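Asker: Before I ask anything, let me first share the structure, which is written out below as structure tokens.
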Amino acid sequence: MRRLSLLAAALFPLLALTACGSAAPGPAAAGAASPRGIDPTRDVVSGEQKVDAIAALLPADVRKAGTLKVGTAVGSPPTAYYPDPATKKAAGLDIDVTDAVAKVLGLTVDRQEAAFETILPALSSGKYDFGTGNFGVTTARLKTIDFVTYIDDGQGFAVRKDNTALSGITTLQQLCGLTVGTGAGTTFETTLNTQKHVCADAGKKPYTVQSFSDGAALLTSLQQGRIDTVMSTINGLRYQAAQPAAGTRFVGEFHRLDVGFAFAKGTPLAPAFQAAVNQLIKDGTYQRILQKWGTADSAVQQSQIDPPEHA
């Protein structure tokens, strides 16, 4: 029991995933190895240059101020985390994409760490100009939030590495009779709870949902066999499974979601951000960022403003 508790504490950030909602974010485990081919220290952003025609799409007052405030959820790799908790210098896909977009726009980013669940509500009050946290584009969120997309992530499943009975989970019916763990207050929790009827509809025993506000408790439950599988972000679970010490295995995708910068509804910033992301795709910086973080499979062909949620 003590060994499992220590392991959970060390690997907690790898389950504190922020894509579509998360338990409390935390710093990355000190000394955690990166998946093969990923080099978090590689600089792929600093050479990006301002593009005057794109910067001209910004409102005049923003160009004059030269700075935008971003509320950032910092949790776990590959999205956003602290490689060295002592320095509190964030790294990750969200960080690199944000910094590269700012360079194209000729802006400085005032990055303010915030809890995932507080960022979207704070946009309408003007506390932040935009937010990052691997925010998935959903029909519900589109009612109050504008999005500029930059990656395609979504919902997936992982199991304990020695669990050979479960593989290829791509539908909720495959969960019938199982116990599924996920983060409290997330889109994963919402999906699982609102779709429980799929098992009854198929004449099967329903699955049980256990929600955790603490990532360490979620991992401990998986390691101890008290839950059968975890539902969380595709990229986060894949990254985690590549960590030799994690003891988990990615077993399938359920539902893809576009992920984007989040803004208050009606923002005038969206056209400039969209053009900046598309510039990064055009000049190759975007592809280099995704390769750096092992997320090339989640690339988008072009940025969109407020696309409908994936069917």
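If you're wondering about the labels, chains in the structure tokens are A, B, ... by order shown, residues count from 1 in each chain, ligands from 1 in order shown.
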Taking the backbone alone, and naming residues the way the document does, which bits of region 148-290 of chain A are helix (DSSP H, G or I) by DSSP, as number ranges by chain?
Answerer: A: 172-175, 187-194, 197-201, 215-223, 234-241, 270-283, 285-290
Asker: Now that the selection is made, can you save its residues with N, CA and C atoms as a short mmCIF file (atom, residue, chain, number, x, y, z; two decimals), in the first residue's frame?
Answerer:
```cif
data_model
loop_
_atom_site.label_atom_id
_atom_site.label_comp_id
_atom_site.auth_asym_id
_atom_site.auth_seq_id
_atom_site.Cartn_x
_atom_site.Cartn_y
_atom_site.Cartn_z
N LEU A 172 -18.83 3.38 -25.40
CA LEU A 172 -19.21 3.30 -23.99
C LEU A 172 -19.84 1.95 -23.66
N GLN A 173 -20.41 1.27 -24.62
CA GLN A 173 -20.97 -0.05 -24.36
C GLN A 173 -19.90 -1.05 -23.92
N GLN A 174 -18.67 -0.81 -24.33
CA GLN A 174 -17.58 -1.69 -23.91
C GLN A 174 -17.23 -1.51 -22.44
N LEU A 175 -17.79 -0.47 -21.82
CA LEU A 175 -17.54 -0.22 -20.40
C LEU A 175 -18.59 -0.89 -19.51
N THR A 187 -15.47 17.25 -18.79
CA THR A 187 -16.36 16.78 -19.84
C THR A 187 -16.41 15.26 -19.88
N PHE A 188 -15.34 14.61 -19.40
CA PHE A 188 -15.34 13.15 -19.32
C PHE A 188 -16.43 12.68 -18.36
N GLU A 189 -16.49 13.31 -17.19
CA GLU A 189 -17.50 12.96 -16.20
C GLU A 189 -18.90 13.20 -16.76
N THR A 190 -19.08 14.33 -17.44
CA THR A 190 -20.38 14.64 -18.03
C THR A 190 -20.78 13.61 -19.07
N THR A 191 -19.85 13.26 -19.95
CA THR A 191 -20.12 12.26 -20.99
C THR A 191 -20.53 10.93 -20.37
N LEU A 192 -19.76 10.47 -19.40
CA LEU A 192 -20.04 9.18 -18.79
C LEU A 192 -21.40 9.17 -18.09
N ASN A 193 -21.70 10.22 -17.35
CA ASN A 193 -22.95 10.24 -16.58
C ASN A 193 -24.18 10.41 -17.47
N THR A 194 -24.05 11.19 -18.53
CA THR A 194 -25.23 11.42 -19.37
C THR A 194 -25.48 10.27 -20.34
N HIS A 197 -27.19 5.33 -20.00
CA HIS A 197 -28.31 4.55 -20.52
C HIS A 197 -27.90 3.58 -21.62
N VAL A 198 -26.71 3.76 -22.22
CA VAL A 198 -26.33 2.89 -23.34
C VAL A 198 -26.24 1.43 -22.92
N CYS A 199 -25.89 1.19 -21.67
CA CYS A 199 -25.80 -0.20 -21.21
C CYS A 199 -27.19 -0.80 -21.00
N ALA A 200 -28.08 -0.04 -20.36
CA ALA A 200 -29.46 -0.52 -20.17
C ALA A 200 -30.14 -0.73 -21.52
N ASP A 201 -29.87 0.20 -22.45
CA ASP A 201 -30.47 0.08 -23.78
C ASP A 201 -30.03 -1.21 -24.48
N GLY A 215 -5.76 13.89 -8.58
CA GLY A 215 -5.17 12.99 -9.55
C GLY A 215 -4.43 11.82 -8.92
N ALA A 216 -3.81 12.05 -7.76
CA ALA A 216 -3.09 10.96 -7.10
C ALA A 216 -4.05 9.86 -6.66
N ALA A 217 -5.22 10.26 -6.18
CA ALA A 217 -6.21 9.27 -5.75
C ALA A 217 -6.73 8.47 -6.94
N LEU A 218 -6.87 9.13 -8.08
CA LEU A 218 -7.30 8.45 -9.29
C LEU A 218 -6.28 7.40 -9.71
N LEU A 219 -5.01 7.77 -9.72
CA LEU A 219 -3.97 6.83 -10.10
C LEU A 219 -3.87 5.68 -9.11
N THR A 220 -3.95 5.98 -7.82
CA THR A 220 -3.89 4.93 -6.81
C THR A 220 -5.02 3.93 -7.00
N SER A 221 -6.21 4.43 -7.31
CA SER A 221 -7.35 3.53 -7.52
C SER A 221 -7.12 2.63 -8.72
N LEU A 222 -6.51 3.17 -9.78
CA LEU A 222 -6.21 2.35 -10.94
C LEU A 222 -5.16 1.30 -10.60
N GLN A 223 -4.10 1.71 -9.90
CA GLN A 223 -3.03 0.79 -9.54
C GLN A 223 -3.52 -0.32 -8.61
N ILE A 234 -6.84 12.19 -24.87
CA ILE A 234 -6.10 11.26 -25.73
C ILE A 234 -4.60 11.53 -25.65
N ASN A 235 -4.19 12.76 -25.86
CA ASN A 235 -2.76 13.07 -25.87
C ASN A 235 -2.13 12.88 -24.50
N GLY A 236 -2.86 13.27 -23.46
CA GLY A 236 -2.32 13.11 -22.11
C GLY A 236 -2.13 11.66 -21.73
N LEU A 237 -3.12 10.82 -22.03
CA LEU A 237 -3.02 9.41 -21.69
C LEU A 237 -1.95 8.71 -22.51
N ARG A 238 -1.80 9.12 -23.76
CA ARG A 238 -0.74 8.53 -24.58
C ARG A 238 0.64 8.92 -24.05
N TYR A 239 0.78 10.18 -23.69
CA TYR A 239 2.05 10.64 -23.12
C TYR A 239 2.35 9.87 -21.84
N GLN A 240 1.34 9.74 -21.00
CA GLN A 240 1.52 9.02 -19.74
C GLN A 240 1.94 7.57 -19.97
N ALA A 241 1.28 6.91 -20.92
CA ALA A 241 1.58 5.50 -21.17
C ALA A 241 3.01 5.30 -21.66
N ALA A 270 -10.37 37.15 -32.39
CA ALA A 270 -10.37 35.85 -33.05
C ALA A 270 -9.76 35.87 -34.45
N PRO A 271 -10.10 36.82 -35.33
CA PRO A 271 -9.53 36.77 -36.69
C PRO A 271 -8.00 36.84 -36.70
N ALA A 272 -7.43 37.65 -35.83
CA ALA A 272 -5.97 37.77 -35.78
C ALA A 272 -5.34 36.47 -35.28
N PHE A 273 -5.92 35.87 -34.26
CA PHE A 273 -5.39 34.61 -33.73
C PHE A 273 -5.51 33.50 -34.77
N GLN A 274 -6.64 33.44 -35.44
CA GLN A 274 -6.80 32.43 -36.48
C GLN A 274 -5.74 32.59 -37.57
N ALA A 275 -5.53 33.81 -38.03
CA ALA A 275 -4.53 34.06 -39.07
C ALA A 275 -3.13 33.72 -38.58
N ALA A 276 -2.86 33.97 -37.30
CA ALA A 276 -1.53 33.68 -36.74
C ALA A 276 -1.29 32.17 -36.68
N VAL A 277 -2.30 31.40 -36.25
CA VAL A 277 -2.14 29.95 -36.22
C VAL A 277 -1.92 29.43 -37.64
N ASN A 278 -2.69 29.93 -38.59
CA ASN A 278 -2.53 29.47 -39.97
C ASN A 278 -1.16 29.86 -40.54
N GLN A 279 -0.59 30.96 -40.07
CA GLN A 279 0.76 31.34 -40.47
C GLN A 279 1.77 30.32 -39.94
N LEU A 280 1.57 29.88 -38.70
CA LEU A 280 2.46 28.87 -38.11
C LEU A 280 2.39 27.56 -38.88
N ILE A 281 1.18 27.20 -39.31
CA ILE A 281 1.02 25.99 -40.12
C ILE A 281 1.76 26.17 -41.46
N LYS A 282 1.62 27.34 -42.06
CA LYS A 282 2.24 27.62 -43.35
C LYS A 282 3.75 27.61 -43.29
N ASP A 283 4.32 28.20 -42.22
CA ASP A 283 5.80 28.32 -42.19
C ASP A 283 6.50 27.14 -41.52
N THR A 285 6.40 26.08 -38.32
CA THR A 285 6.60 26.12 -36.88
C THR A 285 5.58 25.25 -36.16
N TYR A 286 4.37 25.27 -36.63
CA TYR A 286 3.31 24.45 -36.02
C TYR A 286 3.69 22.98 -36.00
N GLN A 287 4.16 22.47 -37.13
CA GLN A 287 4.53 21.06 -37.21
C GLN A 287 5.70 20.75 -36.29
N ARG A 288 6.65 21.69 -36.17
CA ARG A 288 7.79 21.46 -35.29
C ARG A 288 7.36 21.42 -33.83
N ILE A 289 6.39 22.25 -33.46
CA ILE A 289 5.88 22.23 -32.08
C ILE A 289 5.23 20.89 -31.78
N LEU A 290 4.39 20.42 -32.69
CA LEU A 290 3.70 19.15 -32.45
C LEU A 290 4.68 17.98 -32.40
#
```
Asker: Could you pull the residues within 6 Å of region 44-55 of chain A, counting only C-alpha atoms, minus those fewer than 6 positions along the same chain, as a list in words?
Answerer: Ala100, Lys103, Val104, Leu105 and Gly106 of chain A
Asker: Mind checking which residues fall within 8 Å of region 122-133 of chain A, counting only C-alpha atoms, ignoring those fewer than 6 positions away in the same chain, and posting them as a PDB file with C-alpha atoms, in the first residue's frame?
Answerer:
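Below you can see selection.pdb, which holds the result:
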```
ATOM      1  CA  THR A  18      -6.418  19.434 -18.350  1.00  0.00           C
ATOM      2  CA  ALA A  19      -7.816  18.950 -21.797  1.00  0.00           C
ATOM      3  CA  LEU A  68      -2.349  40.336 -23.733  1.00  0.00           C
ATOM      4  CA  LYS A  69      -3.240  38.548 -20.501  1.00  0.00           C
ATOM      5  CA  VAL A  70      -3.691  34.808 -20.804  1.00  0.00           C
ATOM      6  CA  GLY A  71      -5.127  32.585 -18.098  1.00  0.00           C
ATOM      7  CA  THR A  72      -3.226  29.304 -18.346  1.00  0.00           C
ATOM      8  CA  ALA A  73      -4.031  25.993 -16.693  1.00  0.00           C
ATOM      9  CA  VAL A  74      -0.708  24.324 -15.877  1.00  0.00           C
ATOM     10  CA  THR A  79      -0.142  20.303 -22.645  1.00  0.00           C
ATOM     11  CA  ALA A  80       1.380  22.540 -19.957  1.00  0.00           C
ATOM     12  CA  ASP A  94      -0.067  25.156 -25.127  1.00  0.00           C
ATOM     13  CA  PHE A 116      -8.743  25.104 -15.120  1.00  0.00           C
ATOM     14  CA  GLY A 260      -8.560  26.078 -29.112  1.00  0.00           C
ATOM     15  CA  PHE A 261      -7.731  29.400 -27.538  1.00  0.00           C
ATOM     16  CA  ALA A 262     -10.771  30.483 -25.529  1.00  0.00           C
ATOM     17  CA  PHE A 263     -12.185  34.018 -25.617  1.00  0.00           C
ATOM     18  CA  ALA A 264     -15.229  35.831 -24.291  1.00  0.00           C
ATOM     19  CA  LYS A 265     -18.099  35.595 -26.771  1.00  0.00           C
TER      20      LYS A 265
END
```
Asker: What does the distance from CA of Pro206 (chain A) to CA of Leu178 (chain A) come to in Å, to one decimal?
Answerer: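 Interatomic distance, CA of Pro206 (chain A) to CA of Leu178 (chain A): 7.8 Å.
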Asker: Could you jot down the CA of Glu253 (chain A) to CA of Ser167 (chain A) separation for me, Å, one decimal place?
Answerer: 10.9 Å
Asker: Which residue out of A:Lys89, A:His255, A:Lys196, A:Arg249 has the minimum interatomic distance to Ala311 (chain A) when only C-alpha atoms are used?
Answerer: A:His255
Asker: Taking into account only C-alpha atoms, which residue in the set A:Glu117, A:Tyr150, A:Thr229, A:Phe157 is nearest to Ala184 (chain A)?
Answerer: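 Using only C-alpha atoms, the shortest distance to Ala184 (chain A) belongs to A:Glu117.
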Asker: Which residue gives the smallest distance to Arg63 (chain A) among A:Ser303, A:Ser211, A:Asn163, A:Thr108, with only C-alpha atoms counted?
Answerer: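 Selected residue with least distance to Arg63 (chain A): A:Thr108.
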Asker: Would you mind telling me which residue in A:Pro121, A:Pro59, A:Gly177, A:Gly154 lies nearest to His310 (chain A) when using only C-alpha atoms?
Answerer: A:Gly154
